[in-house]
file my_file.txt (compact mmCIF, C-alpha atoms)
# COMPACT_ATOMS: atom_id res chain seq x y z
CA MET A 1 6.92 110.91 30.90
CA THR A 2 3.25 110.06 31.33
CA GLU A 3 1.99 113.67 31.63
CA GLY A 4 2.44 116.90 29.65
CA ALA A 5 3.58 117.59 26.07
CA PRO A 6 5.32 114.45 24.72
CA TRP A 7 7.99 116.28 22.72
CA LYS A 8 9.20 118.18 25.78
CA HIS A 9 9.72 114.98 27.75
CA ILE A 10 11.30 113.26 24.77
CA LEU A 11 13.68 116.12 24.02
CA ARG A 12 14.59 116.60 27.68
CA PHE A 13 15.34 112.88 28.02
CA SER A 14 17.08 112.57 24.63
CA LEU A 15 19.50 115.46 24.95
CA PRO A 16 21.60 113.82 27.69
CA VAL A 17 21.51 110.52 25.75
CA LEU A 18 22.56 112.40 22.61
CA ALA A 19 25.31 114.24 24.46
CA GLY A 20 26.48 110.98 26.02
CA SER A 21 26.64 109.30 22.61
CA PHE A 22 28.57 112.30 21.32
CA LEU A 23 31.08 112.00 24.14
CA GLN A 24 31.54 108.28 23.53
CA GLN A 25 32.15 108.80 19.84
CA PHE A 26 34.23 111.92 20.46
CA TYR A 27 36.78 109.99 22.45
CA ASN A 28 36.70 107.21 19.83
CA THR A 29 37.42 109.84 17.19
CA VAL A 30 40.19 111.46 19.21
CA ASP A 31 41.57 107.99 19.87
CA ALA A 32 41.77 107.40 16.11
CA ILE A 33 43.31 110.83 15.49
CA ILE A 34 45.98 110.25 18.14
CA VAL A 35 46.75 106.74 16.88
CA GLY A 36 46.98 107.95 13.28
CA LYS A 37 49.22 110.88 14.19
CA TYR A 38 51.57 109.19 16.66
CA ALA A 39 51.47 105.49 15.70
CA GLY A 40 50.92 105.72 11.92
CA GLU A 41 48.39 104.67 9.29
CA ASP A 42 48.99 100.94 9.89
CA ALA A 43 48.05 101.30 13.55
CA LEU A 44 44.99 103.35 12.59
CA SER A 45 43.91 100.63 10.15
CA ALA A 46 44.44 97.96 12.81
CA VAL A 47 42.30 99.78 15.36
CA GLY A 48 39.62 100.55 12.78
CA THR A 49 39.31 97.01 11.47
CA THR A 50 38.40 95.73 14.96
CA THR A 51 35.21 97.79 15.11
CA SER A 52 32.74 95.37 13.52
CA PHE A 53 33.86 92.32 15.53
CA ALA A 54 34.01 94.32 18.76
CA PHE A 55 30.43 95.39 18.15
CA LEU A 56 29.32 91.76 18.46
CA PHE A 57 30.11 91.94 22.17
CA LEU A 58 28.76 95.46 22.54
CA ALA A 59 25.52 94.19 20.96
CA LEU A 60 25.06 91.81 23.88
CA ALA A 61 25.76 94.56 26.41
CA ILE A 62 23.40 97.07 24.81
CA GLY A 63 20.68 94.58 23.91
CA PHE A 64 20.26 92.82 27.23
CA SER A 65 20.76 95.96 29.32
CA SER A 66 18.14 97.71 27.17
CA GLY A 67 15.81 94.73 27.63
CA ASN A 68 16.20 94.98 31.37
CA GLY A 69 15.63 98.73 31.14
CA VAL A 70 12.30 98.23 29.35
CA VAL A 71 11.13 95.78 32.06
CA VAL A 72 12.19 98.17 34.83
CA ALA A 73 10.57 101.15 33.01
CA GLN A 74 7.25 99.32 32.74
CA TYR A 75 7.16 98.54 36.46
CA PHE A 76 8.33 102.06 37.28
CA GLY A 77 5.47 103.45 35.19
CA ALA A 78 3.08 101.15 37.10
CA GLY A 79 4.49 102.31 40.48
CA ASP A 80 5.63 98.80 41.46
CA ASP A 81 8.88 99.40 43.41
CA LYS A 82 9.20 95.76 44.46
CA ASN A 83 9.48 94.53 40.89
CA VAL A 84 11.61 97.53 39.89
CA ARG A 85 14.20 96.45 42.47
CA ALA A 86 14.00 92.71 41.80
CA ASN A 87 14.26 92.99 38.02
CA GLY A 88 17.07 95.54 38.32
CA ALA A 89 19.08 93.19 40.53
CA ALA A 90 18.55 90.27 38.16
CA GLY A 91 19.73 92.43 35.27
CA VAL A 92 22.95 93.38 37.08
CA VAL A 93 23.83 89.75 37.79
CA PHE A 94 23.04 88.63 34.26
CA LEU A 95 25.04 91.39 32.55
CA MET A 96 28.10 90.96 34.77
CA VAL A 97 28.20 87.22 34.01
CA LEU A 98 27.89 87.95 30.30
CA GLY A 99 30.71 90.47 30.59
CA VAL A 100 33.13 87.92 32.03
CA ILE A 101 32.23 85.35 29.35
CA SER A 102 32.62 87.95 26.59
CA ALA A 103 36.07 89.02 27.83
CA VAL A 104 37.32 85.41 27.73
CA LEU A 105 35.84 84.79 24.28
CA GLY A 106 37.28 88.02 22.90
CA ILE A 107 40.80 87.17 23.96
CA ALA A 108 40.55 83.55 22.75
CA THR A 109 39.05 84.26 19.32
CA ALA A 110 41.00 87.39 18.31
CA ARG A 111 43.59 85.78 16.01
CA PRO A 112 41.35 83.32 14.14
CA ALA A 113 38.65 85.96 13.74
CA TYR A 114 40.90 88.57 12.16
CA ALA A 115 43.18 86.21 10.24
CA ASN A 116 40.51 83.96 8.74
CA TRP A 117 37.12 85.61 9.03
CA LEU A 118 37.95 89.25 8.36
CA ASN A 119 40.95 88.55 6.13
CA VAL A 120 43.03 91.35 7.66
CA ASP A 121 46.13 92.37 5.72
CA GLY A 122 49.13 90.41 7.04
CA SER A 123 51.14 93.57 7.61
CA ILE A 124 48.67 94.81 10.25
CA LEU A 125 47.37 91.47 11.62
CA GLY A 126 49.69 91.48 14.65
CA LEU A 127 48.69 95.02 15.60
CA THR A 128 45.01 94.16 15.17
CA VAL A 129 45.14 91.07 17.40
CA THR A 130 47.17 92.88 20.06
CA TYR A 131 44.73 95.77 20.21
CA PHE A 132 41.66 93.56 20.39
CA ARG A 133 42.99 91.29 23.12
CA TRP A 134 43.81 94.23 25.36
CA TYR A 135 40.46 95.82 24.50
CA SER A 136 38.62 92.61 25.44
CA LEU A 137 39.93 92.84 29.01
CA GLY A 138 37.66 95.84 29.53
CA LEU A 139 34.46 94.19 28.34
CA ILE A 140 33.38 93.30 31.89
CA PHE A 141 33.38 97.02 32.75
CA GLN A 142 31.53 97.86 29.55
CA PHE A 143 28.75 95.40 30.42
CA GLY A 144 28.62 96.74 33.98
CA TYR A 145 28.30 100.33 32.86
CA ASN A 146 25.57 99.50 30.35
CA ILE A 147 23.29 97.79 32.86
CA PHE A 148 23.45 100.64 35.37
CA SER A 149 22.98 103.29 32.68
CA SER A 150 19.93 101.40 31.35
CA ILE A 151 18.43 101.23 34.84
CA LEU A 152 18.93 104.98 35.25
CA ARG A 153 17.31 105.70 31.88
CA ALA A 154 14.39 103.47 32.85
CA LEU A 155 13.77 105.82 35.78
CA GLY A 156 13.99 108.85 33.50
CA ASP A 157 17.44 109.86 34.78
CA SER A 158 19.32 110.04 31.49
CA ALA A 159 21.30 113.14 32.56
CA ALA A 160 23.39 111.17 35.05
CA THR A 161 24.92 108.95 32.38
CA LEU A 162 26.15 112.08 30.62
CA TYR A 163 28.32 113.02 33.59
CA PHE A 164 29.82 109.53 33.77
CA LEU A 165 30.67 109.63 30.08
CA LEU A 166 32.17 113.10 30.38
CA ILE A 167 34.58 111.87 33.04
CA SER A 168 35.33 108.71 31.03
CA SER A 169 35.89 110.60 27.78
CA LEU A 170 38.27 113.16 29.25
CA LEU A 171 40.17 110.40 31.04
CA ASN A 172 40.42 108.33 27.86
CA ILE A 173 41.73 111.24 25.82
CA GLY A 174 44.30 112.07 28.51
CA LEU A 175 45.45 108.45 28.75
CA ASP A 176 45.62 108.15 24.95
CA LEU A 177 47.99 111.10 24.83
CA LEU A 178 50.05 109.63 27.67
CA PHE A 179 50.22 106.02 26.47
CA VAL A 180 50.35 106.56 22.69
CA ALA A 181 51.93 109.99 22.20
CA VAL A 182 54.33 110.02 25.18
CA PHE A 183 55.03 106.37 26.08
CA ARG A 184 54.70 105.23 22.42
CA TRP A 185 52.75 102.09 23.35
CA SER A 186 50.96 102.22 19.96
CA VAL A 187 47.74 100.14 19.79
CA THR A 188 48.33 98.61 23.22
CA GLY A 189 48.25 102.06 24.77
CA ALA A 190 45.01 102.93 22.97
CA ALA A 191 43.33 99.75 24.20
CA VAL A 192 44.51 100.12 27.81
CA ALA A 193 43.30 103.74 27.84
CA THR A 194 39.86 102.54 26.77
CA ASP A 195 39.81 99.80 29.43
CA ILE A 196 40.65 102.21 32.23
CA SER A 197 38.06 104.76 31.11
CA GLN A 198 35.38 102.04 30.96
CA LEU A 199 36.29 100.92 34.47
CA MET A 200 35.89 104.44 35.82
CA SER A 201 32.50 104.99 34.12
CA PHE A 202 31.28 101.66 35.54
CA ILE A 203 32.36 102.59 39.07
CA ALA A 204 30.79 106.05 38.78
CA ALA A 205 27.47 104.64 37.50
CA TYR A 206 27.33 102.02 40.27
CA LEU A 207 28.09 104.47 43.08
CA TYR A 208 25.65 107.09 41.78
CA THR A 209 22.80 104.61 41.37
CA ARG A 210 23.35 103.18 44.83
CA ARG A 211 23.56 106.59 46.50
CA LYS A 212 20.65 108.37 44.78
CA TYR A 213 18.14 105.51 44.54
CA PRO A 214 17.72 103.50 47.76
CA VAL A 215 15.66 100.91 45.88
CA PHE A 216 18.89 99.87 44.12
CA ARG A 217 21.06 99.51 47.20
CA PHE A 218 21.48 95.82 46.59
CA GLY A 219 22.69 93.46 49.27
CA MET A 220 24.30 90.09 48.58
CA GLY A 221 20.91 88.45 49.02
CA ASP A 222 19.49 90.56 46.17
CA LEU A 223 22.26 89.83 43.69
CA LYS A 224 21.41 86.27 42.80
CA TRP A 225 20.68 84.30 39.68
CA ASP A 226 16.90 84.62 39.32
CA PRO A 227 15.81 82.57 36.27
CA SER A 228 12.27 83.95 36.07
CA ARG A 229 13.37 87.60 36.11
CA ILE A 230 16.36 86.99 33.86
CA LYS A 231 13.92 85.34 31.47
CA ALA A 232 11.92 88.59 31.43
CA THR A 233 15.07 90.53 30.53
CA VAL A 234 16.02 88.00 27.86
CA LYS A 235 12.52 88.07 26.37
CA VAL A 236 12.82 91.76 25.59
CA GLY A 237 16.60 91.99 25.28
CA LEU A 238 17.31 89.01 23.02
CA PRO A 239 15.59 90.49 19.95
CA ILE A 240 17.42 93.80 20.57
CA SER A 241 20.75 91.94 20.90
CA LEU A 242 20.03 89.89 17.80
CA GLN A 243 19.21 93.06 15.91
CA LEU A 244 22.57 94.54 16.87
CA ILE A 245 24.42 91.26 16.31
CA PHE A 246 23.05 91.04 12.78
CA VAL A 247 24.11 94.64 12.28
CA SER A 248 27.59 93.68 13.45
CA LEU A 249 27.69 90.61 11.20
CA GLY A 250 26.55 92.70 8.27
CA PHE A 251 29.29 95.23 8.89
CA THR A 252 31.78 92.41 9.35
CA PHE A 253 31.06 91.23 5.81
CA ILE A 254 31.35 94.82 4.60
CA GLN A 255 34.61 95.20 6.52
CA ARG A 256 35.94 92.08 4.80
CA ALA A 257 35.08 93.61 1.43
CA VAL A 258 36.84 96.82 2.51
CA ASN A 259 39.95 94.90 3.57
CA GLU A 260 40.14 93.28 0.13
CA PHE A 261 40.81 96.73 -1.34
CA GLY A 262 43.93 97.04 0.85
CA LYS A 263 44.95 98.82 4.02
CA THR A 264 44.60 102.27 2.43
CA MET A 265 40.89 101.67 1.97
CA THR A 266 40.76 100.21 5.49
CA ALA A 267 42.22 103.45 6.86
CA ALA A 268 39.72 105.52 4.85
CA PHE A 269 36.85 103.33 6.04
CA THR A 270 37.99 103.85 9.63
CA VAL A 271 37.80 107.62 9.16
CA GLY A 272 34.41 107.37 7.46
CA GLN A 273 32.91 105.12 10.12
CA ARG A 274 34.11 107.35 12.94
CA VAL A 275 32.41 110.38 11.41
CA GLU A 276 29.29 108.55 10.15
CA THR A 277 28.49 107.62 13.74
CA TYR A 278 27.87 111.29 14.53
CA LEU A 279 25.16 111.33 11.86
CA ASN A 280 23.40 108.45 13.60
CA PHE A 281 23.34 109.99 17.09
CA PRO A 282 19.92 111.65 16.89
CA CYS A 283 17.95 108.68 15.57
CA HIS A 284 19.49 106.23 18.04
CA ALA A 285 19.06 108.66 20.95
CA PHE A 286 15.37 109.01 20.13
CA GLN A 287 15.07 105.24 19.73
CA THR A 288 16.45 104.79 23.25
CA THR A 289 14.14 107.51 24.56
CA LEU A 290 11.04 106.12 22.89
CA ALA A 291 11.70 102.65 24.32
CA THR A 292 11.56 104.10 27.86
CA TYR A 293 8.77 106.56 26.99
CA THR A 294 6.66 103.80 25.44
CA GLY A 295 7.34 101.38 28.31
CA GLN A 296 6.30 103.91 30.95
CA ASN A 297 3.15 104.99 29.08
CA ILE A 298 2.10 101.42 28.41
CA GLY A 299 2.61 100.69 32.10
CA ALA A 300 0.33 103.66 32.83
CA GLY A 301 -2.19 102.56 30.16
CA LYS A 302 -1.68 105.59 27.84
CA ILE A 303 -1.32 104.30 24.29
CA ARG A 304 -2.40 107.62 22.70
CA ARG A 305 0.60 109.38 24.18
CA VAL A 306 2.86 106.79 22.58
CA LYS A 307 1.57 107.64 19.08
CA ALA A 308 1.94 111.38 19.64
CA GLY A 309 5.44 110.92 21.03
CA ALA A 310 6.53 108.75 18.11
CA LYS A 311 5.64 111.35 15.49
CA GLN A 312 7.27 114.16 17.41
CA ALA A 313 10.45 112.13 18.04
CA VAL A 314 10.83 111.33 14.32
CA ALA A 315 10.48 115.02 13.47
CA LEU A 316 13.16 115.95 16.02
CA SER A 317 15.41 113.15 14.73
CA LEU A 318 15.20 114.46 11.16
CA LEU A 319 15.85 118.06 12.19
CA LEU A 320 18.98 117.27 14.23
CA THR A 321 20.34 114.84 11.64
CA LEU A 322 19.94 117.41 8.87
CA CYS A 323 21.96 119.94 10.89
CA ILE A 324 24.80 117.45 11.40
CA SER A 325 24.69 116.34 7.75
CA VAL A 326 25.16 119.90 6.50
CA SER A 327 28.15 120.35 8.81
CA VAL A 328 29.77 117.09 7.67
CA TRP A 329 29.28 117.96 3.99
CA VAL A 330 30.75 121.46 4.34
CA PHE A 331 33.74 120.50 6.50
CA ALA A 332 34.45 117.01 5.09
CA ASP A 333 37.92 117.92 3.81
CA LYS A 334 38.99 119.50 7.11
CA ILE A 335 37.60 116.54 9.09
CA THR A 336 39.56 114.07 6.96
CA ALA A 337 42.78 116.05 7.41
CA LEU A 338 42.61 115.52 11.20
CA PHE A 339 43.37 111.78 10.85
CA SER A 340 46.77 112.20 9.16
CA VAL A 341 46.07 109.59 6.46
CA SER A 342 47.69 109.37 3.02
CA GLU A 343 46.43 111.44 0.09
CA ARG A 344 44.71 108.44 -1.51
CA ALA A 345 43.01 107.45 1.74
CA ALA A 346 41.91 111.06 2.20
CA ASP A 347 40.27 111.06 -1.24
CA TYR A 348 38.32 107.92 -0.35
CA SER A 349 37.30 109.44 2.99
CA LEU A 350 36.06 112.66 1.43
CA SER A 351 33.77 110.78 -0.96
CA PHE A 352 32.60 108.53 1.89
CA LEU A 353 31.66 111.43 4.17
CA ARG A 354 29.76 113.48 1.60
CA THR A 355 27.77 110.43 0.50
CA VAL A 356 26.68 109.32 3.96
CA ALA A 357 25.86 112.91 4.92
CA VAL A 358 23.02 112.67 2.41
CA ILE A 359 21.74 109.10 2.65
CA ASN A 360 21.77 108.88 6.47
CA ILE A 361 18.90 111.36 6.58
CA LEU A 362 16.78 108.44 5.40
CA LEU A 363 17.92 106.36 8.37
CA ALA A 364 16.91 109.14 10.75
CA SER A 365 13.32 108.96 9.50
CA TYR A 366 12.56 105.46 10.79
CA ILE A 367 15.04 104.28 13.46
CA PRO A 368 13.19 106.13 16.29
CA LEU A 369 10.17 103.89 15.62
CA PHE A 370 12.25 100.93 16.81
CA GLY A 371 11.95 102.38 20.32
CA VAL A 372 8.16 102.28 20.07
CA PHE A 373 8.22 98.64 19.00
CA GLN A 374 10.69 97.70 21.77
CA GLY A 375 8.79 99.53 24.50
CA ALA A 376 5.56 97.84 23.34
CA ASN A 377 7.11 94.35 23.60
CA HIS A 378 7.46 94.01 19.83
CA SER A 379 11.26 94.14 19.83
CA GLY A 380 11.43 91.25 17.36
CA PHE A 381 10.30 93.46 14.48
CA PRO A 382 13.24 95.90 14.64
CA THR A 383 15.46 92.83 14.45
CA LEU A 384 13.71 91.75 11.26
CA VAL A 385 14.07 95.24 9.77
CA SER A 386 17.76 95.46 10.70
CA VAL A 387 18.54 92.03 9.29
CA SER A 388 16.75 92.85 6.06
CA ALA A 389 18.39 96.28 5.72
CA LEU A 390 21.89 94.96 6.46
CA GLY A 391 21.30 92.06 4.11
CA ALA A 392 20.46 94.51 1.34
CA ARG A 393 23.62 96.51 2.08
CA VAL A 394 25.87 93.43 2.09
CA LEU A 395 24.28 92.08 -1.07
CA ALA A 396 24.74 95.40 -2.85
CA THR A 397 28.37 95.60 -1.69
CA TYR A 398 29.30 92.18 -3.04
CA LEU A 399 27.30 92.57 -6.25
CA PHE A 400 28.73 95.94 -7.26
CA ARG A 401 32.19 96.19 -5.64
CA TYR A 402 34.03 95.28 -8.86
CA SER A 403 31.35 96.44 -11.32
CA PRO A 404 31.53 99.54 -13.55
CA PHE A 405 28.23 100.67 -11.98
CA LEU A 406 29.59 101.62 -8.54
CA GLY A 407 32.87 99.76 -8.01
CA HIS A 408 34.65 100.55 -4.75
CA THR A 409 32.25 103.45 -4.06
CA VAL A 410 29.57 100.91 -3.12
CA ILE A 411 31.40 100.76 0.23
CA TRP A 412 29.67 104.04 1.11
CA TRP A 413 26.70 103.94 -1.29
CA ASN A 414 25.34 100.60 0.01
CA GLY A 415 23.30 102.46 2.64
CA ILE A 416 20.81 103.70 0.07
CA PHE A 417 19.71 100.11 -0.57
CA GLY A 418 19.42 99.11 3.08
CA PHE A 419 17.95 102.32 4.47
CA GLY A 420 15.35 102.45 1.72
CA LEU A 421 14.15 98.94 2.57
CA GLY A 422 14.22 99.68 6.30
CA PHE A 423 12.12 102.83 5.82
CA ILE A 424 9.41 100.93 3.97
CA MET A 425 9.27 98.08 6.48
CA ALA A 426 9.31 100.21 9.67
CA TRP A 427 6.70 102.73 8.60
CA SER A 428 4.43 100.06 7.14
CA TYR A 429 4.44 98.19 10.46
CA TYR A 430 3.90 101.33 12.52
CA LEU A 431 1.01 102.59 10.39
CA SER A 432 -0.62 99.14 10.43
CA GLY A 433 -1.01 99.45 14.23
CA ARG A 434 0.07 95.84 14.83
CA TRP A 435 2.66 96.99 17.38
CA ARG A 436 -0.23 97.89 19.73
CA LYS A 437 -1.28 94.24 20.08
CA ASN A 438 -0.10 92.36 23.18
CA SER A 439 1.39 95.54 24.70
CA SER A 440 1.50 94.73 28.41
CA LEU A 441 3.79 94.33 31.39
CA THR A 442 6.56 91.86 30.61
CA GLY A 443 8.54 91.22 33.77
CA ALA A 444 8.39 88.29 36.14
CA GLY A 445 6.30 88.75 39.24
CA GLN A 446 3.56 90.78 37.57

call {"tool": "encode", "arguments": {"input": "my_file.txt", "output": "structure tokens"}}
result
Amino acid sequence: MTEGAPWKHILRFSLPVLAGSFLQQFYNTVDAIIVGKYAGEDALSAVGTTTSFAFLFLALAIGFSSGNGVVVAQYFGAGDDKNVRANGAAGVVFLMVLGVISAVLGIATARPAYANWLNVDGSILGLTVTYFRWYSLGLIFQFGYNIFSSILRALGDSAATLYFLLISSLLNIGLDLLFVAVFRWSVTGAAVATDISQLMSFIAAYLYTRRKYPVFRFGMGDLKWDPSRIKATVKVGLPISLQLIFVSLGFTFIQRAVNEFGKTMTAAFTVGQRVETYLNFPCHAFQTTLATYTGQNIGAGKIRRVKAGAKQAVALSLLLTLCISVSVWVFADKITALFSVSERAADYSLSFLRTVAVINILLASYIPLFGVFQGANHSGFPTLVSVSALGARVLATYLFRYSPFLGHTVIWWNGIFGFGLGFIMAWSYYLSGRWRKNSSLTGAGQ
């Protein structure tokens, strides 16, 4: 990524990431459709209401694996294979330990979290807890997959992760149909299907990385707890994790507000969230790409290429998001019908989808810049932006949820407050040039 037209490298790298994100969300969507059709609206609401709390654990997996990926990308850009291998090994150990801890915590905290914190409707509380406990068993595989996929992206091999996700997605859909539609295991079947698919994607990523890249054929002597190198991963990854954790906490408060409107609104919110994620694919794919692109070019001492790449990535993000937004707006009623929800829930969903199809274009205009900040060792600033934006969304939700101004529609209109603030903060920081200060190699052993 350090030579040639930036947009070509960025697009070539982003398309597999984008396709992989699509596959992940596609099987989540199909999962919801199958649950709604064969297990009912209560089961759909139960699965949907776990999303925000589950994302707390996913935030750790994504954040720290991305942090390790930035460190590896910088050393890869500098041609330092020794530190590429050592920091990669440290990242694998760290993420696997975190995965085990997260699985235990998820199982232990499921009931108090959903009963007390999220205020889940009593009629679906049992289904919610059951689903989340079974889901938590697969967190170790989720952490394992994320670290190997981040290492591969750090080397510029984003296409490989697409193949793993394709296998995982098809397997998950097949198992959903078997466990939920045929065996009638309801939410338990949906969770077990997800666990098995995550296990298979983890195994595939591990075997591929080991076979294709000899530098990552770790022996037992390599896989050890290395405090100095783990510290390098934490230094970059902690702000990214905190950013995502605050996002999760923000959505948890929003989810609580949703639940207060009853399980019909919870079902509608589940539909809306599943579809809204598709709108966010481009900007997050380009964020991921720019983190690696920036890390490699900083390692090679090419700051000018970073600036050119950032502008071109934002333009691509806006173009792709606009295409998806138009599709969601036009087919919103047909999309809602797929989830087999009640007429009232469908009305809520239709309003939700057409609103976010418009306001998420604003999000697409600044999220890619987060990748620049992260790759330049300024990952703390995206955290600040995310916290501020989510804070604005939560504040708007609780201020207007029962008001004549917006009422319950603030559930989907709150984005205009948060995304507007995020746009101003991100672009102001980028244009100030402060992200270029202290841009250097981060990892231990430099």

call {"tool": "closest_residue", "arguments": {"input": "my_file.txt", "among": "A:Thr252, A:Ser317, A:Ser228, A:Ser21", "to": "Phe55 (chain A)", "atoms": "only C-alpha atoms"}}
result
A:Thr252

call {"tool": "atom_distance", "arguments": {"input": "my_file.txt", "atom1": "CA of Val326 (chain A)", "atom2": "CA of Val247 (chain A)"}}
result
25.9 Å

call {"tool": "closest_residue", "arguments": {"input": "my_file.txt", "among": "A:Ile10, A:Ala268, A:Leu127, A:Val306", "to": "Gln255 (chain A)", "atoms": "only C-alpha atoms"}}
result
A:Ala268

call {"tool": "atom_distance", "arguments": {"input": "my_file.txt", "atom1": "CA of Trp413 (chain A)", "atom2": "CA of Thr397 (chain A)"}}
result
8.5 Å

call {"tool": "residues_near_point", "arguments": {"input": "my_file.txt", "point": "(40.7, 86.0, 11.5)", "cutoff": "12 Å", "atoms": "all atoms listed in the file", "output": "MDAnalysis selection string"}}
result
chainID A and resid 49:50 53 108:122 124:126 128:129 132 252 256 259

call {"tool": "closest_residue", "arguments": {"input": "my_file.txt", "among": "A:Gly77, A:Gly262, A:Gly219, A:Pro368", "to": "Gln287 (chain A)", "atoms": "all atoms listed in the file"}}
result
A:Pro368

call {"tool": "atom_distance", "arguments": {"input": "my_file.txt", "atom1": "CA of Asn28 (chain A)", "atom2": "CA of Val47 (chain A)"}}
result
10.3 Å

call {"tool": "closest_residue", "arguments": {"input": "my_file.txt", "among": "A:Ala346, A:Ile254, A:Leu290, A:Val97", "to": "Phe373 (chain A)", "atoms": "only C-alpha atoms"}}
result
A:Leu290
